[in-house]
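What follows is the content of structure39.cif, which has mmCIF, N, CA and C atoms:
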```cif
data_model
#
loop_
_atom_site.label_atom_id
_atom_site.label_comp_id
_atom_site.auth_asym_id
_atom_site.auth_seq_id
_atom_site.Cartn_x
_atom_site.Cartn_y
_atom_site.Cartn_z
N MET A 462 158.69 158.07 81.99
CA MET A 462 157.35 158.01 81.48
C MET A 462 157.32 157.97 79.95
N LYS A 463 158.24 158.73 79.30
CA LYS A 463 158.29 158.73 77.84
C LYS A 463 158.60 157.35 77.30
N THR A 464 159.50 156.62 77.97
CA THR A 464 159.87 155.29 77.50
C THR A 464 158.66 154.38 77.52
N SER A 465 157.86 154.44 78.54
CA SER A 465 156.67 153.60 78.64
C SER A 465 155.67 153.96 77.53
N THR A 466 155.50 155.25 77.29
CA THR A 466 154.59 155.68 76.23
C THR A 466 155.13 155.24 74.87
N THR A 467 156.44 155.39 74.69
CA THR A 467 157.06 154.98 73.43
C THR A 467 156.93 153.47 73.24
N ASP A 468 157.19 152.70 74.29
CA ASP A 468 157.05 151.24 74.19
C ASP A 468 155.62 150.87 73.86
N HIS A 469 154.66 151.56 74.50
CA HIS A 469 153.26 151.27 74.23
C HIS A 469 152.92 151.61 72.77
N HIS A 470 153.47 152.74 72.28
CA HIS A 470 153.24 153.14 70.90
C HIS A 470 153.83 152.11 69.94
N PHE A 471 155.07 151.66 70.19
CA PHE A 471 155.69 150.64 69.35
C PHE A 471 154.89 149.34 69.41
N SER A 472 154.43 149.01 70.59
CA SER A 472 153.65 147.78 70.74
C SER A 472 152.36 147.86 69.93
N ASP A 473 151.70 149.02 70.00
CA ASP A 473 150.46 149.20 69.23
C ASP A 473 150.74 149.14 67.73
N ARG A 474 151.81 149.80 67.29
CA ARG A 474 152.16 149.79 65.87
C ARG A 474 152.55 148.39 65.42
N ALA A 475 153.30 147.69 66.27
CA ALA A 475 153.71 146.33 65.92
C ALA A 475 152.50 145.42 65.81
N HIS A 476 151.58 145.59 66.75
CA HIS A 476 150.36 144.78 66.72
C HIS A 476 149.56 145.08 65.45
N ALA A 477 149.47 146.40 65.12
CA ALA A 477 148.74 146.79 63.90
C ALA A 477 149.45 146.24 62.67
N THR A 478 150.76 146.29 62.66
CA THR A 478 151.53 145.76 61.52
C THR A 478 151.31 144.26 61.40
N GLY A 479 151.35 143.57 62.52
CA GLY A 479 151.10 142.13 62.50
C GLY A 479 149.70 141.82 61.99
N ARG A 480 148.76 142.60 62.44
CA ARG A 480 147.37 142.41 62.00
C ARG A 480 147.28 142.68 60.50
N ASP A 481 147.97 143.75 60.03
CA ASP A 481 147.96 144.07 58.59
C ASP A 481 148.57 142.94 57.78
N LEU A 482 149.69 142.39 58.27
CA LEU A 482 150.33 141.28 57.56
C LEU A 482 149.42 140.06 57.53
N SER A 483 148.75 139.81 58.65
CA SER A 483 147.82 138.68 58.70
C SER A 483 146.66 138.91 57.74
N THR A 484 146.17 140.13 57.70
CA THR A 484 145.07 140.45 56.79
C THR A 484 145.51 140.28 55.34
N GLN A 485 146.73 140.73 55.04
CA GLN A 485 147.24 140.57 53.68
C GLN A 485 147.37 139.10 53.32
N ALA A 486 147.85 138.29 54.27
CA ALA A 486 147.99 136.86 54.00
C ALA A 486 146.62 136.24 53.75
N LEU A 487 145.64 136.63 54.56
CA LEU A 487 144.29 136.10 54.38
C LEU A 487 143.72 136.55 53.04
N THR A 488 143.96 137.80 52.68
CA THR A 488 143.48 138.31 51.39
C THR A 488 144.10 137.52 50.25
N ARG A 489 145.40 137.24 50.36
CA ARG A 489 146.06 136.46 49.31
C ARG A 489 145.50 135.04 49.24
N ALA A 490 145.23 134.47 50.40
CA ALA A 490 144.65 133.12 50.42
C ALA A 490 143.25 133.13 49.80
N GLU A 491 142.47 134.17 50.10
CA GLU A 491 141.15 134.28 49.50
C GLU A 491 141.25 134.46 47.99
N HIS A 492 142.24 135.24 47.56
CA HIS A 492 142.46 135.43 46.12
C HIS A 492 142.82 134.10 45.46
N ALA A 493 143.68 133.34 46.11
CA ALA A 493 144.07 132.03 45.58
C ALA A 493 142.85 131.11 45.51
N MET A 494 142.00 131.18 46.54
CA MET A 494 140.79 130.37 46.57
C MET A 494 139.88 130.78 45.41
N ASP A 495 139.72 132.09 45.18
CA ASP A 495 138.89 132.57 44.07
C ASP A 495 139.45 132.11 42.74
N GLN A 496 140.77 132.16 42.59
CA GLN A 496 141.39 131.70 41.36
C GLN A 496 141.16 130.20 41.16
N SER A 497 141.25 129.44 42.26
CA SER A 497 141.00 128.00 42.17
C SER A 497 139.57 127.73 41.72
N ARG A 498 138.64 128.48 42.30
CA ARG A 498 137.24 128.31 41.90
C ARG A 498 137.05 128.69 40.44
N SER A 499 137.67 129.79 40.03
CA SER A 499 137.55 130.23 38.64
C SER A 499 138.12 129.19 37.69
N LEU A 500 139.28 128.66 38.04
CA LEU A 500 139.91 127.63 37.21
C LEU A 500 139.01 126.39 37.14
N ALA A 501 138.45 125.99 38.27
CA ALA A 501 137.55 124.83 38.28
C ALA A 501 136.33 125.11 37.42
N SER A 502 135.81 126.33 37.51
CA SER A 502 134.65 126.70 36.70
C SER A 502 134.98 126.68 35.22
N GLU A 503 136.14 127.24 34.86
CA GLU A 503 136.56 127.21 33.45
C GLU A 503 136.74 125.77 32.97
N THR A 504 137.31 124.94 33.81
CA THR A 504 137.51 123.54 33.46
C THR A 504 136.16 122.86 33.24
N MET A 505 135.22 123.15 34.12
CA MET A 505 133.87 122.58 33.96
C MET A 505 133.24 123.06 32.65
N ASP A 506 133.38 124.36 32.35
CA ASP A 506 132.81 124.89 31.11
C ASP A 506 133.40 124.20 29.89
N ARG A 507 134.73 124.04 29.91
CA ARG A 507 135.38 123.37 28.77
C ARG A 507 134.93 121.91 28.66
N ALA A 508 134.82 121.25 29.81
CA ALA A 508 134.40 119.85 29.81
C ALA A 508 132.98 119.73 29.27
N GLU A 509 132.11 120.66 29.67
CA GLU A 509 130.73 120.62 29.18
C GLU A 509 130.67 120.82 27.67
N GLY A 510 131.48 121.75 27.14
CA GLY A 510 131.51 121.97 25.69
C GLY A 510 131.98 120.73 24.95
N THR A 511 133.00 120.12 25.48
CA THR A 511 133.53 118.89 24.88
C THR A 511 132.48 117.79 24.89
N LEU A 512 131.79 117.67 26.01
CA LEU A 512 130.75 116.64 26.10
C LEU A 512 129.62 116.85 25.11
N ARG A 513 129.22 118.10 24.92
CA ARG A 513 128.16 118.36 23.94
C ARG A 513 128.59 117.89 22.53
N HIS A 514 129.81 118.20 22.17
CA HIS A 514 130.32 117.79 20.85
C HIS A 514 130.35 116.27 20.72
N LEU A 515 130.85 115.61 21.75
CA LEU A 515 130.92 114.15 21.71
C LEU A 515 129.52 113.52 21.64
N ARG A 516 128.58 114.07 22.38
CA ARG A 516 127.22 113.54 22.39
C ARG A 516 126.63 113.61 20.98
N ASP A 517 126.90 114.72 20.30
CA ASP A 517 126.37 114.88 18.94
C ASP A 517 127.04 113.95 17.94
N SER A 518 128.30 113.63 18.14
CA SER A 518 129.02 112.85 17.14
C SER A 518 129.19 111.37 17.49
N ILE A 519 129.24 111.05 18.78
CA ILE A 519 129.48 109.65 19.15
C ILE A 519 128.51 109.25 20.27
N ASP A 520 127.29 109.03 19.95
CA ASP A 520 126.26 108.73 20.94
C ASP A 520 126.57 107.58 21.89
N PRO A 521 127.10 106.47 21.44
CA PRO A 521 127.32 105.35 22.36
C PRO A 521 128.30 105.65 23.50
N MET A 522 129.23 106.56 23.27
CA MET A 522 130.24 106.82 24.29
C MET A 522 129.85 107.96 25.23
N VAL A 523 128.77 108.64 24.97
CA VAL A 523 128.38 109.82 25.75
C VAL A 523 128.18 109.48 27.22
N GLY A 524 127.46 108.44 27.51
CA GLY A 524 127.20 108.08 28.91
C GLY A 524 128.48 107.83 29.70
N LYS A 525 129.37 107.07 29.11
CA LYS A 525 130.64 106.75 29.77
C LYS A 525 131.49 108.01 29.97
N LEU A 526 131.62 108.82 28.94
CA LEU A 526 132.43 110.03 29.03
C LEU A 526 131.82 111.03 30.01
N THR A 527 130.52 111.13 30.05
CA THR A 527 129.86 112.05 30.97
C THR A 527 130.16 111.66 32.41
N ALA A 528 130.03 110.40 32.70
CA ALA A 528 130.30 109.94 34.07
C ALA A 528 131.75 110.21 34.46
N GLN A 529 132.66 109.93 33.54
CA GLN A 529 134.08 110.16 33.83
C GLN A 529 134.37 111.65 34.03
N SER A 530 133.80 112.48 33.18
CA SER A 530 134.03 113.92 33.29
C SER A 530 133.44 114.47 34.59
N GLN A 531 132.26 114.01 34.93
CA GLN A 531 131.65 114.47 36.19
C GLN A 531 132.48 114.03 37.38
N ARG A 532 132.97 112.82 37.36
CA ARG A 532 133.80 112.33 38.46
C ARG A 532 135.09 113.14 38.56
N LEU A 533 135.71 113.41 37.41
CA LEU A 533 136.93 114.21 37.39
C LEU A 533 136.66 115.64 37.87
N ALA A 534 135.57 116.22 37.41
CA ALA A 534 135.21 117.57 37.85
C ALA A 534 134.95 117.59 39.35
N ARG A 535 134.26 116.59 39.87
CA ARG A 535 133.98 116.52 41.31
C ARG A 535 135.29 116.36 42.07
N GLN A 536 136.18 115.53 41.57
CA GLN A 536 137.47 115.35 42.24
C GLN A 536 138.27 116.67 42.23
N SER A 537 138.21 117.38 41.12
CA SER A 537 138.90 118.66 41.03
C SER A 537 138.32 119.67 42.01
N LEU A 538 137.00 119.73 42.07
CA LEU A 538 136.35 120.65 43.01
C LEU A 538 136.65 120.26 44.45
N ASP A 539 136.63 118.97 44.73
CA ASP A 539 136.95 118.50 46.08
C ASP A 539 138.39 118.84 46.45
N ALA A 540 139.29 118.66 45.48
CA ALA A 540 140.71 118.99 45.73
C ALA A 540 140.87 120.49 45.95
N ALA A 541 140.17 121.30 45.16
CA ALA A 541 140.24 122.75 45.33
C ALA A 541 139.67 123.15 46.69
N ALA A 542 138.56 122.53 47.09
CA ALA A 542 137.96 122.84 48.39
C ALA A 542 138.90 122.44 49.53
N GLU A 543 139.55 121.31 49.39
CA GLU A 543 140.50 120.86 50.42
C GLU A 543 141.70 121.80 50.49
N ALA A 544 142.20 122.21 49.32
CA ALA A 544 143.33 123.15 49.30
C ALA A 544 142.93 124.47 49.93
N THR A 545 141.73 124.91 49.67
CA THR A 545 141.23 126.15 50.27
C THR A 545 141.13 126.01 51.78
N ALA A 546 140.60 124.90 52.24
CA ALA A 546 140.47 124.67 53.68
C ALA A 546 141.85 124.63 54.34
N ARG A 547 142.81 123.96 53.69
CA ARG A 547 144.18 123.93 54.24
C ARG A 547 144.78 125.33 54.30
N ALA A 548 144.55 126.11 53.24
CA ALA A 548 145.10 127.47 53.21
C ALA A 548 144.47 128.32 54.32
N GLN A 549 143.17 128.16 54.52
CA GLN A 549 142.50 128.93 55.58
C GLN A 549 143.03 128.52 56.96
N ARG A 550 143.25 127.22 57.16
CA ARG A 550 143.80 126.78 58.45
C ARG A 550 145.21 127.33 58.65
N SER A 551 146.00 127.30 57.59
CA SER A 551 147.38 127.83 57.68
C SER A 551 147.37 129.32 57.98
N VAL A 552 146.53 130.05 57.28
CA VAL A 552 146.45 131.50 57.51
C VAL A 552 146.03 131.77 58.95
N SER A 553 145.08 131.02 59.43
CA SER A 553 144.63 131.20 60.81
C SER A 553 145.76 130.92 61.80
N ARG A 554 146.50 129.84 61.56
CA ARG A 554 147.64 129.51 62.44
C ARG A 554 148.69 130.61 62.39
N TYR A 555 148.98 131.09 61.17
CA TYR A 555 149.99 132.13 61.02
C TYR A 555 149.52 133.43 61.68
N ALA A 556 148.26 133.75 61.55
CA ALA A 556 147.73 134.97 62.16
C ALA A 556 147.84 134.89 63.68
N THR A 557 147.49 133.75 64.25
CA THR A 557 147.59 133.57 65.69
C THR A 557 149.04 133.63 66.14
N SER A 558 149.89 132.97 65.40
CA SER A 558 151.32 132.96 65.72
C SER A 558 151.90 134.37 65.61
N THR A 559 151.52 135.08 64.58
CA THR A 559 152.01 136.44 64.39
C THR A 559 151.55 137.35 65.52
N ALA A 560 150.29 137.26 65.88
CA ALA A 560 149.77 138.09 66.96
C ALA A 560 150.50 137.78 68.27
N ARG A 561 150.75 136.51 68.52
CA ARG A 561 151.46 136.13 69.74
C ARG A 561 152.90 136.66 69.72
N TYR A 562 153.55 136.54 68.56
CA TYR A 562 154.93 137.01 68.44
C TYR A 562 154.99 138.53 68.63
N VAL A 563 154.04 139.24 68.01
CA VAL A 563 154.01 140.70 68.13
C VAL A 563 153.80 141.11 69.58
N SER A 564 152.95 140.40 70.29
CA SER A 564 152.72 140.71 71.70
C SER A 564 153.97 140.43 72.54
N ASN A 565 154.66 139.35 72.23
CA ASN A 565 155.84 138.98 73.00
C ASN A 565 157.08 139.77 72.60
N GLU A 566 157.19 140.14 71.34
CA GLU A 566 158.39 140.81 70.82
C GLU A 566 157.99 142.05 70.00
N PRO A 567 157.46 143.08 70.63
CA PRO A 567 156.95 144.22 69.85
C PRO A 567 158.04 144.96 69.08
N VAL A 568 159.20 145.18 69.68
CA VAL A 568 160.27 145.93 69.01
C VAL A 568 160.79 145.14 67.81
N LYS A 569 161.05 143.85 68.02
CA LYS A 569 161.51 143.00 66.92
C LYS A 569 160.47 142.99 65.80
N SER A 570 159.21 142.94 66.19
CA SER A 570 158.14 142.90 65.20
C SER A 570 158.14 144.14 64.33
N VAL A 571 158.33 145.29 64.95
CA VAL A 571 158.36 146.54 64.19
C VAL A 571 159.57 146.53 63.24
N LEU A 572 160.71 146.08 63.73
CA LEU A 572 161.91 146.03 62.89
C LEU A 572 161.72 145.06 61.73
N ILE A 573 161.13 143.93 61.98
CA ILE A 573 160.87 142.94 60.92
C ILE A 573 159.91 143.53 59.90
N ALA A 574 158.84 144.16 60.39
CA ALA A 574 157.86 144.75 59.48
C ALA A 574 158.50 145.84 58.63
N ALA A 575 159.37 146.64 59.23
CA ALA A 575 160.05 147.69 58.48
C ALA A 575 160.96 147.08 57.40
N ALA A 576 161.67 146.02 57.76
CA ALA A 576 162.55 145.36 56.79
C ALA A 576 161.74 144.76 55.65
N VAL A 577 160.64 144.12 55.97
CA VAL A 577 159.78 143.54 54.93
C VAL A 577 159.24 144.65 54.03
N GLY A 578 158.79 145.74 54.64
CA GLY A 578 158.28 146.86 53.86
C GLY A 578 159.33 147.43 52.93
N ALA A 579 160.55 147.57 53.42
CA ALA A 579 161.63 148.07 52.58
C ALA A 579 161.91 147.10 51.43
N GLY A 580 161.90 145.81 51.72
CA GLY A 580 162.13 144.81 50.68
C GLY A 580 161.06 144.86 49.61
N VAL A 581 159.81 144.97 50.03
CA VAL A 581 158.70 145.05 49.07
C VAL A 581 158.83 146.32 48.24
N ALA A 582 159.18 147.43 48.88
CA ALA A 582 159.35 148.70 48.15
C ALA A 582 160.45 148.57 47.10
N LEU A 583 161.55 147.90 47.44
CA LEU A 583 162.62 147.69 46.48
C LEU A 583 162.17 146.82 45.31
N LEU A 584 161.42 145.77 45.61
CA LEU A 584 160.92 144.90 44.54
C LEU A 584 159.97 145.65 43.62
N VAL A 585 159.09 146.46 44.19
CA VAL A 585 158.14 147.23 43.37
C VAL A 585 158.90 148.22 42.50
N ALA A 586 159.88 148.90 43.08
CA ALA A 586 160.67 149.86 42.32
C ALA A 586 161.42 149.16 41.19
N ALA A 587 161.99 148.02 41.47
CA ALA A 587 162.70 147.27 40.43
C ALA A 587 161.76 146.81 39.33
N ALA A 588 160.59 146.37 39.70
CA ALA A 588 159.60 145.90 38.72
C ALA A 588 159.15 147.07 37.83
N ARG A 589 158.92 148.21 38.43
CA ARG A 589 158.52 149.39 37.64
C ARG A 589 159.64 149.81 36.70
N LYS A 590 160.87 149.78 37.19
CA LYS A 590 162.01 150.15 36.36
C LYS A 590 162.13 149.20 35.17
N HIS A 591 161.97 147.90 35.45
CA HIS A 591 162.03 146.89 34.40
C HIS A 591 160.89 147.06 33.41
N GLN A 592 159.73 147.43 33.89
CA GLN A 592 158.54 147.59 33.05
C GLN A 592 158.68 148.81 32.14
N ASN A 593 159.37 149.84 32.61
CA ASN A 593 159.53 151.07 31.83
C ASN A 593 160.57 150.95 30.73
N ARG A 594 161.30 149.87 30.67
CA ARG A 594 162.35 149.69 29.64
C ARG A 594 161.79 149.51 28.29
#
```
Can the structure from this file be put into structure tokens for me?
Amino acid sequence: MKTSTTDHHFSDRAHATGRDLSTQALTRAEHAMDQSRSLASETMDRAEGTLRHLRDSIDPMVGKLTAQSQRLARQSLDAAAEATARAQRSVSRYATSTARYVSNEPVKSVLIAAAVGAGVALLVAAARKHQNR
């Protein structure tokens, strides 16, 4: 009976670990999406400032430059939106795959999660040590 309870406990922990890893991946993807939006926004702000200066100094070229800048900004936003959509699809696939793997291989999943956690802990410790120099 203890083995069954222990297996169930490991399975629950493995599932929770898989869910946590999936959530972390989604959070990172959302962060990347936010950074992409921020970068696109900053690019738009810079482009708008440049256009104002050009409009004041070179009136005949303003129309042409405005159209080109808007097209480039739209292309950048479209590319960022597409990259975000691809990242969301990938995260979703990975989350589904992870959940399936955790269900099929709970013990391996716990061992993998423990190894990843140990690796991250070592990296954090090394980074802190390097930062304190």
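Using only N, CA and C atoms, the smallest distance between any of A:Leu512, A:Ala475, A:Leu583, A:Ala501 and Leu538 of chain A comes from A:Ala501.
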- Which of A:Thr511, A:Ser497, A:Ala490, A:Ala576 sits closest to Ser537 of chain A [using only C-alpha atoms]: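 Going through A:Thr511, A:Ser497, A:Ala490, A:Ala576 one by one, the smallest distance to Ser537 of chain A is for A:Ser497.
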- Item | Top pick for closest residue to Arg498 of chain A, considering A:Ala534, A:Leu526, A:Ala542, A:Leu482 and counting all atoms listed in the file |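 Using all atoms listed in the file, Arg498 of chain A sits closest to A:Ala542.
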- Message: Report, in Å to a single decimal, how far apart atom C of Arg489 of chain A and atom C of Met505 of chain A are.
- Response: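 Atom-to-atom, atom C of Met505 of chain A and atom C of Arg489 of chain A are spaced 23.9 Å apart.
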- Task: Grab the atom N of Gln531 of chain A to atom C of Arg507 of chain A distance for me, in Å with one decimal place.
- Result: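 It comes out at 10.4 Å.
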- Message: Please compute the atom N of Val577 of chain A-atom CA of Asn593 of chain A distance, one decimal, in Å.
- Response: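 Separation of atom N of Val577 of chain A and atom CA of Asn593 of chain A: 25.1 Å.
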- Neighbour list for segment 562-565 of chain A as a PyMOL selection string, cut-off 7 Å, only N, CA and C atoms, skip fewer than 5 positions in-chain: chain A and resi 472+475-476+479+557+570
File dump, residues just selected, N, CA and C atoms, as a CSV table (one decimal), in the coordinates of the input:
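Generated output (out_0.csv):
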```
chain,number,residue,atom,x,y,z
A,472,SER,N,154.4,149.0,70.6
A,472,SER,CA,153.6,147.8,70.7
A,472,SER,C,152.4,147.9,69.9
A,475,ALA,N,153.3,147.7,66.3
A,475,ALA,CA,153.7,146.3,65.9
A,475,ALA,C,152.5,145.4,65.8
A,476,HIS,N,151.6,145.6,66.8
A,476,HIS,CA,150.4,144.8,66.7
A,476,HIS,C,149.6,145.1,65.4
A,479,GLY,N,151.4,143.6,62.5
A,479,GLY,CA,151.1,142.1,62.5
A,479,GLY,C,149.7,141.8,62.0
A,557,THR,N,147.5,133.8,64.2
A,557,THR,CA,147.6,133.6,65.7
A,557,THR,C,149.0,133.6,66.1
A,570,SER,N,159.2,142.9,66.2
A,570,SER,CA,158.1,142.9,65.2
A,570,SER,C,158.1,144.1,64.3
```
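Shortest separation to Asp481 of chain A among A:Ala588, A:Ala540, A:Val581, A:Ala556 occurs at residue A:Ala556, atoms counted being only C-alpha atoms.
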- Would you please work out which residue, of A:Ala587, A:Ile573, A:Val552, A:Val568, is nearest to Ala486 of chain A when using only C-alpha atoms?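 Of A:Ala587, A:Ile573, A:Val552, A:Val568, the one nearest Ala486 of chain A, counting only C-alpha atoms, is A:Val552.
The smallest atom-to-atom distance between Met494 of chain A and any of A:Thr466, A:Gly510, A:Ser551, A:Ala546, using only N, CA and C atoms, is found for A:Ala546.
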Mind dumping segment 523-533 of chain A from that block, keeping all heavy atoms, as a tab-separated table (two decimals), in the first residue's frame?
```tsv
chain	number	residue	atom	x	y	z
A	523	VAL	N	8.65	64.52	-47.00
A	523	VAL	CA	7.89	64.06	-45.84
A	523	VAL	C	6.88	62.98	-46.21
A	523	VAL	O	6.80	61.95	-45.54
A	523	VAL	CB	7.20	65.25	-45.14
A	523	VAL	CG1	6.19	64.77	-44.10
A	523	VAL	CG2	8.23	66.14	-44.48
A	524	GLY	N	6.12	63.20	-47.24
A	524	GLY	CA	5.09	62.22	-47.63
A	524	GLY	C	5.69	60.85	-47.93
A	524	GLY	O	5.21	59.81	-47.45
A	525	LYS	N	6.76	60.85	-48.70
A	525	LYS	CA	7.41	59.59	-49.07
A	525	LYS	C	8.00	58.90	-47.85
A	525	LYS	O	7.83	57.69	-47.65
A	525	LYS	CB	8.50	59.87	-50.11
A	525	LYS	CG	9.19	58.63	-50.60
A	525	LYS	CD	10.25	58.98	-51.65
A	525	LYS	CE	10.97	57.74	-52.12
A	525	LYS	NZ	12.00	58.05	-53.11
A	526	LEU	N	8.71	59.63	-47.02
A	526	LEU	CA	9.32	59.05	-45.83
A	526	LEU	C	8.27	58.55	-44.84
A	526	LEU	O	8.46	57.52	-44.19
A	526	LEU	CB	10.26	60.05	-45.16
A	526	LEU	CG	11.53	60.38	-45.94
A	526	LEU	CD1	12.29	61.51	-45.27
A	526	LEU	CD2	12.40	59.14	-46.08
A	527	THR	N	7.19	59.27	-44.70
A	527	THR	CA	6.12	58.86	-43.79
A	527	THR	C	5.54	57.52	-44.23
A	527	THR	O	5.37	56.61	-43.40
A	527	THR	CB	5.00	59.93	-43.74
A	527	THR	OG1	5.55	61.15	-43.28
A	527	THR	CG2	3.87	59.51	-42.83
A	528	ALA	N	5.25	57.40	-45.49
A	528	ALA	CA	4.69	56.15	-46.00
A	528	ALA	C	5.66	54.99	-45.78
A	528	ALA	O	5.25	53.89	-45.36
A	528	ALA	CB	4.33	56.29	-47.48
A	529	GLN	N	6.93	55.22	-46.06
A	529	GLN	CA	7.93	54.17	-45.87
A	529	GLN	C	8.06	53.78	-44.40
A	529	GLN	O	8.15	52.60	-44.07
A	529	GLN	CB	9.28	54.61	-46.43
A	529	GLN	CG	9.34	54.67	-47.94
A	529	GLN	CD	10.67	55.22	-48.45
A	529	GLN	OE1	11.47	55.75	-47.68
A	529	GLN	NE2	10.88	55.11	-49.75
A	530	SER	N	8.09	54.77	-43.53
A	530	SER	CA	8.22	54.49	-42.10
A	530	SER	C	7.00	53.74	-41.57
A	530	SER	O	7.13	52.82	-40.77
A	530	SER	CB	8.39	55.79	-41.32
A	530	SER	OG	9.62	56.39	-41.65
A	531	GLN	N	5.83	54.16	-42.01
A	531	GLN	CA	4.61	53.47	-41.57
A	531	GLN	C	4.60	52.03	-42.06
A	531	GLN	O	4.21	51.11	-41.32
A	531	GLN	CB	3.37	54.22	-42.03
A	531	GLN	CG	3.15	55.51	-41.28
A	531	GLN	CD	1.99	56.31	-41.84
A	531	GLN	OE1	1.51	56.06	-42.94
A	531	GLN	NE2	1.54	57.30	-41.07
A	532	ARG	N	5.01	51.81	-43.28
A	532	ARG	CA	5.05	50.46	-43.83
A	532	ARG	C	6.06	49.60	-43.05
A	532	ARG	O	5.78	48.46	-42.68
A	532	ARG	CB	5.41	50.49	-45.31
A	532	ARG	CG	5.34	49.13	-45.98
A	532	ARG	CD	5.50	49.17	-47.51
A	532	ARG	NE	6.67	49.91	-47.94
A	532	ARG	CZ	6.64	51.11	-48.55
A	532	ARG	NH1	5.50	51.70	-48.80
A	532	ARG	NH2	7.76	51.70	-48.92
A	533	LEU	N	7.23	50.18	-42.77
A	533	LEU	CA	8.25	49.46	-42.00
A	533	LEU	C	7.76	49.17	-40.58
A	533	LEU	O	7.95	48.06	-40.08
A	533	LEU	CB	9.55	50.28	-41.95
A	533	LEU	CG	10.69	49.67	-41.14
A	533	LEU	CD1	11.11	48.32	-41.74
A	533	LEU	CD2	11.87	50.62	-41.11
```
